[in-house]
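K.L.:
Sharing a structure below in structure tokens format, with a few things to ask.
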Amino acid sequence: NNKNNNPITILKNTVEKLLNDKLIDYDLKKINKIYLHSAGLSDSIIYFIVNYLNNLAKKQNISIEFIVIRKYDLNKYGMTEKKSKWVFLFGQDFDKSFYKKLLVKDKSFLQFHFANGKQIALLKEFQQNIISVDPSLNIVLSSLFIAINISSIFFRNNKTIHHRNNEIVNKGLDRLSRSWYYLNNSSELEHQLLNATKYLLYKRNWKCLGSGVNYISAKDAAISLIRNFNKSCAFDVLENHKHIDISAESAVIIFIANIWKKGYQSDAFSEIEKMVSHENIPIIITNLGEIRYDGMEMEIDLGEGKKRIINVPVIKMPKIDEELSFPLNVLLINKILNQLERHKNNSKITINNNVPFINPSEMLFK
């Protein structure tokens, strides 16, 4: 039973079964590189899995590096390299004949059709439960399950590492559960979302920016906006935002939450200040407790010679581990998409890439 149909509760219950299962033991004591290649999965998903695993390895001082390998790079790496292993993650749509030829070369490959043996039954059960609650979360949360599954195989050289990995995984899921609850129940966050969406509606150009682990969130958000609203939306690393035309006067969703690298947040603040000076409206996704953006103001053009000073829109997220920021960002973007969809349906507007959803003169301020 999954009380309250909470997706993270469903995930936690499934992970508990996974971690209690007796898995196959691989001799991994001399392994220092794990190559991951995906067939049929998006870049955002495979990089999320790799980011998660590398962060877990770092927390446990395990000298294993997980590396993404693209299809065209497969022949560059030694598949029988003594200190490496391979994991193939297969989606539903992939070239079976191509990979069959590769996989028969080396029986030591660890193959996942998302999961293996009993684990595939767990994954299918989990996916069915998630789809019944919210189909839009199926891919990202299934990918988190896969990442945890892989960690349970590679981080088990001894009982101490095995128990430590399980502890880190479970504590991370507990924090994710609390953050998930906040995003779904906070009236303050709902107000911030409504305010931020307003500026997306009146700007013709959209962009998404993010650095480090948040780059995949920026890319995924841009793809979702394009797919749902048939409007162009660029994405890039925050530090490279000039490459996507800073002078275009866009609404720019900027993911800076949950990156704890020293100096990063102050550098991000400096980049956002430059952006505001070019009349771009940043929609800043940061953390609860971050106050430096609270007083940031900018002037916007309402048309017909009218201008207005506004506070830069800010959305504040709970603090969470870097490797778990992507699922939380996906939930947030889903909420923004729902807000935009409701406005589109209520207004009965025709989506046009050359004009904003609403005329600037229609903007409402409270």
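Identifiers in the structure tokens: chain A, B, ... in order shown; residue index from 1 per chain; ligand index from 1 in order shown.
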Taking 6 positions as the minimum chain separation for residues in the same chain, which residues sit within 9 Å of A:Ala251 when counting only C-alpha atoms? Answer as a PDB file with N, CA, C and O atoms, in the first residue's frame.
P.N.:
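The result, stored in out-v1.pdb:
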ATOM      1  N   TYR A 199       5.848  35.970 -15.922  1.00  0.00           N
ATOM      2  CA  TYR A 199       6.872  36.579 -16.761  1.00  0.00           C
ATOM      3  C   TYR A 199       7.228  35.705 -17.963  1.00  0.00           C
ATOM      4  O   TYR A 199       7.663  36.213 -18.999  1.00  0.00           O
ATOM      5  N   LEU A 200       7.042  34.405 -17.827  1.00  0.00           N
ATOM      6  CA  LEU A 200       7.190  33.539 -18.995  1.00  0.00           C
ATOM      7  C   LEU A 200       6.105  33.847 -20.027  1.00  0.00           C
ATOM      8  O   LEU A 200       6.345  33.812 -21.234  1.00  0.00           O
ATOM      9  N   LEU A 201       4.913  34.182 -19.540  1.00  0.00           N
ATOM     10  CA  LEU A 201       3.779  34.433 -20.432  1.00  0.00           C
ATOM     11  C   LEU A 201       3.997  35.661 -21.307  1.00  0.00           C
ATOM     12  O   LEU A 201       3.559  35.698 -22.454  1.00  0.00           O
ATOM     13  N   TYR A 202       4.679  36.659 -20.780  1.00  0.00           N
ATOM     14  CA  TYR A 202       4.731  37.912 -21.523  1.00  0.00           C
ATOM     15  C   TYR A 202       6.037  38.128 -22.286  1.00  0.00           C
ATOM     16  O   TYR A 202       6.172  39.085 -23.030  1.00  0.00           O
ATOM     17  N   LYS A 203       6.976  37.188 -22.149  1.00  0.00           N
ATOM     18  CA  LYS A 203       8.219  37.272 -22.909  1.00  0.00           C
ATOM     19  C   LYS A 203       8.163  36.328 -24.113  1.00  0.00           C
ATOM     20  O   LYS A 203       7.790  35.156 -23.995  1.00  0.00           O
ATOM     21  N   ARG A 204       8.560  36.838 -25.265  1.00  0.00           N
ATOM     22  CA  ARG A 204       8.537  36.027 -26.485  1.00  0.00           C
ATOM     23  C   ARG A 204       9.610  34.941 -26.460  1.00  0.00           C
ATOM     24  O   ARG A 204       9.397  33.815 -26.896  1.00  0.00           O
ATOM     25  N   ASN A 205      10.791  35.296 -25.938  1.00  0.00           N
ATOM     26  CA  ASN A 205      11.921  34.370 -25.948  1.00  0.00           C
ATOM     27  C   ASN A 205      12.090  33.713 -24.585  1.00  0.00           C
ATOM     28  O   ASN A 205      12.010  34.378 -23.544  1.00  0.00           O
ATOM     29  N   TRP A 206      12.359  32.401 -24.608  1.00  0.00           N
ATOM     30  CA  TRP A 206      12.595  31.637 -23.386  1.00  0.00           C
ATOM     31  C   TRP A 206      13.979  30.998 -23.444  1.00  0.00           C
ATOM     32  O   TRP A 206      14.447  30.585 -24.506  1.00  0.00           O
ATOM     33  N   LYS A 207      14.623  30.910 -22.280  1.00  0.00           N
ATOM     34  CA  LYS A 207      15.911  30.231 -22.172  1.00  0.00           C
ATOM     35  C   LYS A 207      15.974  29.523 -20.827  1.00  0.00           C
ATOM     36  O   LYS A 207      15.305  29.924 -19.873  1.00  0.00           O
ATOM     37  N   CYS A 208      16.805  28.502 -20.748  1.00  0.00           N
ATOM     38  CA  CYS A 208      17.036  27.780 -19.497  1.00  0.00           C
ATOM     39  C   CYS A 208      18.543  27.626 -19.301  1.00  0.00           C
ATOM     40  O   CYS A 208      19.248  27.215 -20.227  1.00  0.00           O
ATOM     41  N   ASN A 280      16.865  41.114 -19.575  1.00  0.00           N
ATOM     42  CA  ASN A 280      16.355  39.755 -19.476  1.00  0.00           C
ATOM     43  C   ASN A 280      15.725  39.592 -18.094  1.00  0.00           C
ATOM     44  O   ASN A 280      16.224  40.152 -17.112  1.00  0.00           O
ATOM     45  N   ILE A 281      14.655  38.851 -18.014  1.00  0.00           N
ATOM     46  CA  ILE A 281      14.029  38.602 -16.714  1.00  0.00           C
ATOM     47  C   ILE A 281      14.464  37.224 -16.226  1.00  0.00           C
ATOM     48  O   ILE A 281      14.027  36.197 -16.757  1.00  0.00           O
ATOM     49  N   PRO A 282      15.353  37.168 -15.236  1.00  0.00           N
ATOM     50  CA  PRO A 282      15.747  35.861 -14.711  1.00  0.00           C
ATOM     51  C   PRO A 282      14.673  35.314 -13.768  1.00  0.00           C
ATOM     52  O   PRO A 282      14.135  36.047 -12.936  1.00  0.00           O
ATOM     53  N   ILE A 283      14.343  34.066 -13.919  1.00  0.00           N
ATOM     54  CA  ILE A 283      13.485  33.357 -12.971  1.00  0.00           C
ATOM     55  C   ILE A 283      14.427  32.435 -12.212  1.00  0.00           C
ATOM     56  O   ILE A 283      14.871  31.407 -12.716  1.00  0.00           O
TER      57      ILE A 283
END
K.L.:
May I have the residues within 12 Å of A:Asp174 as a list of chain:residue names, using only C-alpha atoms and disregarding those fewer than 5 positions away in the same chain?
P.N.:
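These residues fall inside the cut-off: A:Ile8, A:Thr9, A:Leu11, A:Lys12, A:Asn13, A:Val15, A:Glu167, A:Ile168, A:Val169, A:Ser179, A:Trp180, A:Tyr181, A:Ile320, A:Asp321, A:Leu324.
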K.L.:
Those same residues, written as a compact mmCIF listing (two decimals), in the first residue's frame with all heavy atoms?
P.N.:
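This went into again-v3.txt:
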# COMPACT_ATOMS: atom_id res chain seq x y z
N ILE A 8 7.58 9.31 -3.91
CA ILE A 8 8.83 9.00 -3.21
C ILE A 8 8.62 7.90 -2.18
O ILE A 8 9.51 7.08 -1.94
CB ILE A 8 9.43 10.27 -2.55
CG1 ILE A 8 9.56 11.38 -3.59
CG2 ILE A 8 10.79 9.96 -1.96
CD1 ILE A 8 10.37 11.01 -4.83
N THR A 9 7.43 7.85 -1.58
CA THR A 9 7.12 6.73 -0.68
C THR A 9 7.10 5.43 -1.46
O THR A 9 7.62 4.40 -1.00
CB THR A 9 5.75 6.95 0.00
OG1 THR A 9 5.78 8.17 0.74
CG2 THR A 9 5.42 5.80 0.94
N LEU A 11 8.79 4.85 -4.18
CA LEU A 11 10.20 4.57 -4.49
C LEU A 11 10.92 3.98 -3.29
O LEU A 11 11.66 2.99 -3.42
CB LEU A 11 10.89 5.85 -4.96
CG LEU A 11 12.39 5.76 -5.26
CD1 LEU A 11 12.66 4.76 -6.37
CD2 LEU A 11 12.96 7.12 -5.62
N LYS A 12 10.73 4.58 -2.12
CA LYS A 12 11.40 4.10 -0.91
C LYS A 12 11.00 2.65 -0.60
O LYS A 12 11.86 1.84 -0.23
CB LYS A 12 11.06 5.01 0.28
CG LYS A 12 11.74 6.37 0.23
CD LYS A 12 11.20 7.31 1.28
CE LYS A 12 11.51 6.85 2.68
NZ LYS A 12 11.04 7.83 3.69
N ASN A 13 9.73 2.33 -0.75
CA ASN A 13 9.27 0.96 -0.49
C ASN A 13 9.90 -0.03 -1.46
O ASN A 13 10.28 -1.14 -1.07
CB ASN A 13 7.75 0.89 -0.59
CG ASN A 13 7.06 1.63 0.54
OD1 ASN A 13 7.66 1.90 1.58
ND2 ASN A 13 5.80 1.97 0.35
N VAL A 15 12.80 0.43 -3.13
CA VAL A 15 14.24 0.38 -2.85
C VAL A 15 14.52 -0.50 -1.64
O VAL A 15 15.52 -1.24 -1.61
CB VAL A 15 14.80 1.80 -2.64
CG1 VAL A 15 16.20 1.77 -2.03
CG2 VAL A 15 14.83 2.56 -3.97
N GLU A 167 22.88 3.17 3.79
CA GLU A 167 22.55 4.26 4.71
C GLU A 167 22.46 5.59 3.96
O GLU A 167 21.50 6.36 4.15
CB GLU A 167 23.60 4.34 5.81
CG GLU A 167 23.35 5.44 6.83
CD GLU A 167 24.48 5.56 7.84
OE1 GLU A 167 25.55 4.97 7.63
OE2 GLU A 167 24.29 6.28 8.84
N ILE A 168 23.44 5.86 3.10
CA ILE A 168 23.45 7.11 2.32
C ILE A 168 22.24 7.16 1.39
O ILE A 168 21.58 8.20 1.27
CB ILE A 168 24.77 7.24 1.53
CG1 ILE A 168 25.94 7.47 2.49
CG2 ILE A 168 24.68 8.38 0.53
CD1 ILE A 168 27.29 7.44 1.82
N VAL A 169 21.96 6.04 0.72
CA VAL A 169 20.81 5.99 -0.19
C VAL A 169 19.51 6.30 0.56
O VAL A 169 18.71 7.13 0.12
CB VAL A 169 20.73 4.61 -0.87
CG1 VAL A 169 19.37 4.43 -1.56
CG2 VAL A 169 21.85 4.45 -1.90
N SER A 179 11.47 17.14 0.81
CA SER A 179 11.50 18.22 -0.18
C SER A 179 10.32 18.10 -1.14
O SER A 179 9.71 19.10 -1.54
CB SER A 179 12.82 18.17 -0.96
OG SER A 179 13.92 18.32 -0.10
N TRP A 180 9.99 16.88 -1.50
CA TRP A 180 8.86 16.61 -2.40
C TRP A 180 7.56 17.10 -1.76
O TRP A 180 6.72 17.72 -2.42
CB TRP A 180 8.79 15.11 -2.65
CG TRP A 180 8.15 14.71 -3.94
CD1 TRP A 180 6.82 14.45 -4.15
CD2 TRP A 180 8.80 14.50 -5.20
NE1 TRP A 180 6.60 14.08 -5.45
CE2 TRP A 180 7.80 14.10 -6.12
CE3 TRP A 180 10.11 14.60 -5.64
CZ2 TRP A 180 8.08 13.80 -7.45
CZ3 TRP A 180 10.39 14.31 -6.96
CH2 TRP A 180 9.39 13.92 -7.85
N TYR A 181 7.43 16.81 -0.47
CA TYR A 181 6.23 17.25 0.26
C TYR A 181 6.13 18.77 0.25
O TYR A 181 5.05 19.33 0.05
CB TYR A 181 6.30 16.73 1.70
CG TYR A 181 5.08 17.12 2.52
CD1 TYR A 181 3.93 16.35 2.51
CD2 TYR A 181 5.10 18.29 3.30
CE1 TYR A 181 2.81 16.71 3.26
CE2 TYR A 181 3.99 18.66 4.03
CZ TYR A 181 2.85 17.87 4.01
OH TYR A 181 1.75 18.25 4.74
N ILE A 320 18.98 20.07 -0.66
CA ILE A 320 19.05 18.62 -0.86
C ILE A 320 20.41 18.28 -1.45
O ILE A 320 21.12 19.16 -1.96
CB ILE A 320 17.89 18.14 -1.78
CG1 ILE A 320 17.66 16.64 -1.63
CG2 ILE A 320 18.14 18.52 -3.23
CD1 ILE A 320 16.38 16.16 -2.29
N ASP A 321 20.79 17.02 -1.41
CA ASP A 321 22.06 16.58 -1.98
C ASP A 321 22.10 16.88 -3.48
O ASP A 321 21.09 16.73 -4.17
CB ASP A 321 22.25 15.08 -1.77
CG ASP A 321 22.06 14.67 -0.32
OD1 ASP A 321 20.90 14.54 0.10
OD2 ASP A 321 23.07 14.51 0.37
N LEU A 324 20.57 14.54 -6.04
CA LEU A 324 19.11 14.37 -6.06
C LEU A 324 18.39 15.63 -6.52
O LEU A 324 17.15 15.69 -6.46
CB LEU A 324 18.62 13.96 -4.66
CG LEU A 324 19.03 12.57 -4.21
CD1 LEU A 324 18.70 12.36 -2.73
CD2 LEU A 324 18.37 11.49 -5.05
K.L.:
Excluding A:Leu137 and any residue of its chain fewer than 3 positions from it, enumerate the residues within 9 Å of it, using only C-alpha atoms, and give them as number ranges by chain.
P.N.:
A: 7, 130-131, 133-134, 140-142, 327, 330-331, 334
K.L.:
Keeping only N, CA, C and O atoms, write those residues as a PDB file, in the first residue's frame.
P.N.:
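Final output, part.pdb:
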ATOM      1  N   PRO A   7       4.868   9.568  -4.700  1.00  0.00           N
ATOM      2  CA  PRO A   7       5.829   8.837  -5.540  1.00  0.00           C
ATOM      3  C   PRO A   7       7.114   8.455  -4.817  1.00  0.00           C
ATOM      4  O   PRO A   7       7.686   7.400  -5.097  1.00  0.00           O
ATOM      5  N   ILE A 130       3.929   4.143 -10.162  1.00  0.00           N
ATOM      6  CA  ILE A 130       4.200   5.554 -10.460  1.00  0.00           C
ATOM      7  C   ILE A 130       3.286   6.060 -11.564  1.00  0.00           C
ATOM      8  O   ILE A 130       2.719   7.159 -11.478  1.00  0.00           O
ATOM      9  N   ILE A 131       3.135   5.274 -12.616  1.00  0.00           N
ATOM     10  CA  ILE A 131       2.280   5.683 -13.736  1.00  0.00           C
ATOM     11  C   ILE A 131       0.843   5.906 -13.274  1.00  0.00           C
ATOM     12  O   ILE A 131       0.157   6.814 -13.757  1.00  0.00           O
ATOM     13  N   VAL A 133       0.010   7.091 -10.494  1.00  0.00           N
ATOM     14  CA  VAL A 133      -0.009   8.331  -9.708  1.00  0.00           C
ATOM     15  C   VAL A 133       0.287   9.543 -10.585  1.00  0.00           C
ATOM     16  O   VAL A 133      -0.448  10.529 -10.599  1.00  0.00           O
ATOM     17  N   ASP A 134       1.405   9.495 -11.328  1.00  0.00           N
ATOM     18  CA  ASP A 134       1.809  10.611 -12.186  1.00  0.00           C
ATOM     19  C   ASP A 134       2.747  10.092 -13.277  1.00  0.00           C
ATOM     20  O   ASP A 134       3.945   9.934 -13.043  1.00  0.00           O
ATOM     21  N   VAL A 140      12.094   9.750 -14.754  1.00  0.00           N
ATOM     22  CA  VAL A 140      13.120  10.257 -13.851  1.00  0.00           C
ATOM     23  C   VAL A 140      13.221   9.414 -12.578  1.00  0.00           C
ATOM     24  O   VAL A 140      14.333   9.124 -12.097  1.00  0.00           O
ATOM     25  N   LEU A 141      12.089   8.970 -12.040  1.00  0.00           N
ATOM     26  CA  LEU A 141      12.146   8.182 -10.806  1.00  0.00           C
ATOM     27  C   LEU A 141      12.579   6.742 -11.084  1.00  0.00           C
ATOM     28  O   LEU A 141      13.247   6.123 -10.249  1.00  0.00           O
ATOM     29  N   SER A 142      12.221   6.205 -12.245  1.00  0.00           N
ATOM     30  CA  SER A 142      12.735   4.887 -12.629  1.00  0.00           C
ATOM     31  C   SER A 142      14.252   4.937 -12.791  1.00  0.00           C
ATOM     32  O   SER A 142      14.965   3.995 -12.435  1.00  0.00           O
ATOM     33  N   PRO A 327      15.608  15.140  -9.914  1.00  0.00           N
ATOM     34  CA  PRO A 327      14.194  14.771  -9.753  1.00  0.00           C
ATOM     35  C   PRO A 327      13.348  15.909  -9.175  1.00  0.00           C
ATOM     36  O   PRO A 327      12.205  16.111  -9.595  1.00  0.00           O
ATOM     37  N   VAL A 330      12.699  18.396 -11.902  1.00  0.00           N
ATOM     38  CA  VAL A 330      11.697  17.876 -12.842  1.00  0.00           C
ATOM     39  C   VAL A 330      10.295  18.120 -12.295  1.00  0.00           C
ATOM     40  O   VAL A 330       9.384  18.543 -13.030  1.00  0.00           O
ATOM     41  N   LEU A 331      10.105  17.851 -10.998  1.00  0.00           N
ATOM     42  CA  LEU A 331       8.793  18.110 -10.387  1.00  0.00           C
ATOM     43  C   LEU A 331       8.436  19.590 -10.482  1.00  0.00           C
ATOM     44  O   LEU A 331       7.288  19.942 -10.810  1.00  0.00           O
ATOM     45  N   ASN A 334       7.476  20.496 -14.014  1.00  0.00           N
ATOM     46  CA  ASN A 334       6.118  19.991 -14.288  1.00  0.00           C
ATOM     47  C   ASN A 334       5.058  20.946 -13.761  1.00  0.00           C
ATOM     48  O   ASN A 334       4.021  21.165 -14.394  1.00  0.00           O
TER      49      ASN A 334
END
K.L.:
Rounded to one decimal in Å, what is the spacing between atom CA of A:Ile300 and atom CA of A:Val276?
P.N.:
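So the answer is 10.0 Å.
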K.L.:
So, with only C-alpha atoms as the atoms that count, which of A:Ser277, A:Ser44, A:Ser270, A:Gln192 lies closest to A:Ser217?
P.N.:
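For A:Ser217, the nearest of the given residues is A:Ser44.
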K.L.:
Report, in Å to a single decimal, how far apart atom CA of A:Leu238 and atom CA of A:Leu144 are.
P.N.:
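Calculated distance between atom CA of A:Leu144 and atom CA of A:Leu238 is 25.2 Å.
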K.L.:
Among stretch 4-68 of chain A, which residues carry a DSSP assignment of alpha helix (DSSP H), reported as a VMD selection string?
P.N.:
chain A and resid 7 to 20 43 to 59
K.L.:
Tell me, as a VMD selection string, which residues lie within 10 Å of A:Val213, counting only C-alpha atoms; anything in the same chain fewer than 2 positions away does not count.
P.N.:
chain A and resid 47 to 48 51 to 52 210 to 211 215 to 218 255 to 259 322 to 326
K.L.:
Mind writing the picked residues with N, CA and C atoms as a PDB file, in the first residue's frame?
P.N.:
ATOM      1  N   TYR A  47      23.138  11.053 -17.802  1.00  0.00           N
ATOM      2  CA  TYR A  47      24.030  11.902 -17.016  1.00  0.00           C
ATOM      3  C   TYR A  47      23.540  12.050 -15.574  1.00  0.00           C
ATOM      4  N   PHE A  48      22.237  12.031 -15.383  1.00  0.00           N
ATOM      5  CA  PHE A  48      21.698  12.027 -14.018  1.00  0.00           C
ATOM      6  C   PHE A  48      22.168  10.776 -13.276  1.00  0.00           C
ATOM      7  N   ASN A  51      25.922  11.145 -12.547  1.00  0.00           N
ATOM      8  CA  ASN A  51      26.148  12.129 -11.484  1.00  0.00           C
ATOM      9  C   ASN A  51      25.813  11.540 -10.121  1.00  0.00           C
ATOM     10  N   TYR A  52      24.708  10.828 -10.059  1.00  0.00           N
ATOM     11  CA  TYR A  52      24.289  10.214  -8.794  1.00  0.00           C
ATOM     12  C   TYR A  52      25.356   9.233  -8.301  1.00  0.00           C
ATOM     13  N   GLY A 210      21.794  26.401 -16.491  1.00  0.00           N
ATOM     14  CA  GLY A 210      22.176  25.687 -15.280  1.00  0.00           C
ATOM     15  C   GLY A 210      23.604  25.194 -15.397  1.00  0.00           C
ATOM     16  N   SER A 211      24.294  25.131 -14.280  1.00  0.00           N
ATOM     17  CA  SER A 211      25.691  24.679 -14.281  1.00  0.00           C
ATOM     18  C   SER A 211      25.822  23.382 -13.500  1.00  0.00           C
ATOM     19  N   TYR A 215      22.886  21.495 -15.124  1.00  0.00           N
ATOM     20  CA  TYR A 215      22.850  21.657 -16.584  1.00  0.00           C
ATOM     21  C   TYR A 215      21.809  20.727 -17.205  1.00  0.00           C
ATOM     22  N   ILE A 216      21.745  19.484 -16.703  1.00  0.00           N
ATOM     23  CA  ILE A 216      20.767  18.545 -17.273  1.00  0.00           C
ATOM     24  C   ILE A 216      19.341  18.992 -16.966  1.00  0.00           C
ATOM     25  N   SER A 217      19.149  19.714 -15.850  1.00  0.00           N
ATOM     26  CA  SER A 217      17.820  20.250 -15.543  1.00  0.00           C
ATOM     27  C   SER A 217      17.447  21.346 -16.538  1.00  0.00           C
ATOM     28  N   ALA A 218      18.422  22.204 -16.873  1.00  0.00           N
ATOM     29  CA  ALA A 218      18.172  23.266 -17.853  1.00  0.00           C
ATOM     30  C   ALA A 218      17.828  22.663 -19.212  1.00  0.00           C
ATOM     31  N   PHE A 255      18.682  27.619 -13.018  1.00  0.00           N
ATOM     32  CA  PHE A 255      18.781  26.616 -11.946  1.00  0.00           C
ATOM     33  C   PHE A 255      20.104  26.786 -11.209  1.00  0.00           C
ATOM     34  N   ILE A 256      20.043  27.312  -9.997  1.00  0.00           N
ATOM     35  CA  ILE A 256      21.271  27.437  -9.206  1.00  0.00           C
ATOM     36  C   ILE A 256      21.138  26.759  -7.840  1.00  0.00           C
ATOM     37  N   ALA A 257      19.992  26.157  -7.570  1.00  0.00           N
ATOM     38  CA  ALA A 257      19.762  25.533  -6.257  1.00  0.00           C
ATOM     39  C   ALA A 257      20.615  24.279  -6.088  1.00  0.00           C
ATOM     40  N   ASN A 258      21.003  24.035  -4.852  1.00  0.00           N
ATOM     41  CA  ASN A 258      21.633  22.776  -4.442  1.00  0.00           C
ATOM     42  C   ASN A 258      22.979  22.493  -5.102  1.00  0.00           C
ATOM     43  N   ILE A 259      23.721  23.536  -5.399  1.00  0.00           N
ATOM     44  CA  ILE A 259      25.126  23.380  -5.783  1.00  0.00           C
ATOM     45  C   ILE A 259      25.966  24.014  -4.672  1.00  0.00           C
ATOM     46  N   GLU A 322      23.269  17.261  -3.967  1.00  0.00           N
ATOM     47  CA  GLU A 322      23.418  17.605  -5.387  1.00  0.00           C
ATOM     48  C   GLU A 322      22.899  16.505  -6.307  1.00  0.00           C
ATOM     49  N   GLU A 323      23.195  15.245  -5.957  1.00  0.00           N
ATOM     50  CA  GLU A 323      22.842  14.147  -6.860  1.00  0.00           C
ATOM     51  C   GLU A 323      21.337  13.916  -6.945  1.00  0.00           C
ATOM     52  N   LEU A 324      20.567  14.538  -6.044  1.00  0.00           N
ATOM     53  CA  LEU A 324      19.113  14.366  -6.063  1.00  0.00           C
ATOM     54  C   LEU A 324      18.386  15.626  -6.522  1.00  0.00           C
ATOM     55  N   SER A 325      19.133  16.610  -6.991  1.00  0.00           N
ATOM     56  CA  SER A 325      18.491  17.863  -7.400  1.00  0.00           C
ATOM     57  C   SER A 325      17.668  17.688  -8.678  1.00  0.00           C
ATOM     58  N   PHE A 326      18.070  16.779  -9.565  1.00  0.00           N
ATOM     59  CA  PHE A 326      17.380  16.624 -10.848  1.00  0.00           C
ATOM     60  C   PHE A 326      15.920  16.189 -10.689  1.00  0.00           C
TER      61      PHE A 326
END
K.L.:
Near A:Arg178, within 12 Å and counting only C-alpha atoms, which residues show up once chain neighbours fewer than 6 positions away are dropped, as a PDB file with C-alpha atoms, in the first residue's frame?
P.N.:
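For reference, around20.pdb as written:
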ATOM      1  CA  ASN A   6       3.371   9.779  -2.742  1.00  0.00           C
ATOM      2  CA  PRO A   7       5.829   8.837  -5.540  1.00  0.00           C
ATOM      3  CA  ILE A   8       8.833   9.003  -3.210  1.00  0.00           C
ATOM      4  CA  THR A   9       7.115   6.731  -0.682  1.00  0.00           C
ATOM      5  CA  LYS A 171      18.951   9.147   4.051  1.00  0.00           C
ATOM      6  CA  GLY A 172      18.973  10.775   0.623  1.00  0.00           C
ATOM      7  CA  ASN A 184       3.481  19.890  -3.302  1.00  0.00           C
ATOM      8  CA  ASN A 185       2.110  21.598  -0.194  1.00  0.00           C
ATOM      9  CA  SER A 186       3.801  24.982   0.306  1.00  0.00           C
ATOM     10  CA  MET A 317      13.594  25.068  -3.089  1.00  0.00           C
ATOM     11  CA  PRO A 318      14.511  22.958  -0.055  1.00  0.00           C
ATOM     12  CA  LYS A 319      18.174  22.096   0.367  1.00  0.00           C
ATOM     13  CA  ILE A 320      19.051  18.615  -0.858  1.00  0.00           C
ATOM     14  CA  LEU A 328      13.187  17.771  -7.639  1.00  0.00           C
TER      15      LEU A 328
END
K.L.:
To one decimal place, how far is atom CA of A:Ile333 from atom CA of A:Ile223 in Å?
P.N.:
11.0 Å
K.L.:
Using only C-alpha atoms, which of A:Asn166, A:Ser42, A:Thr160, A:Gln60 sits nearest A:Asn20?
P.N.:
A:Asn166
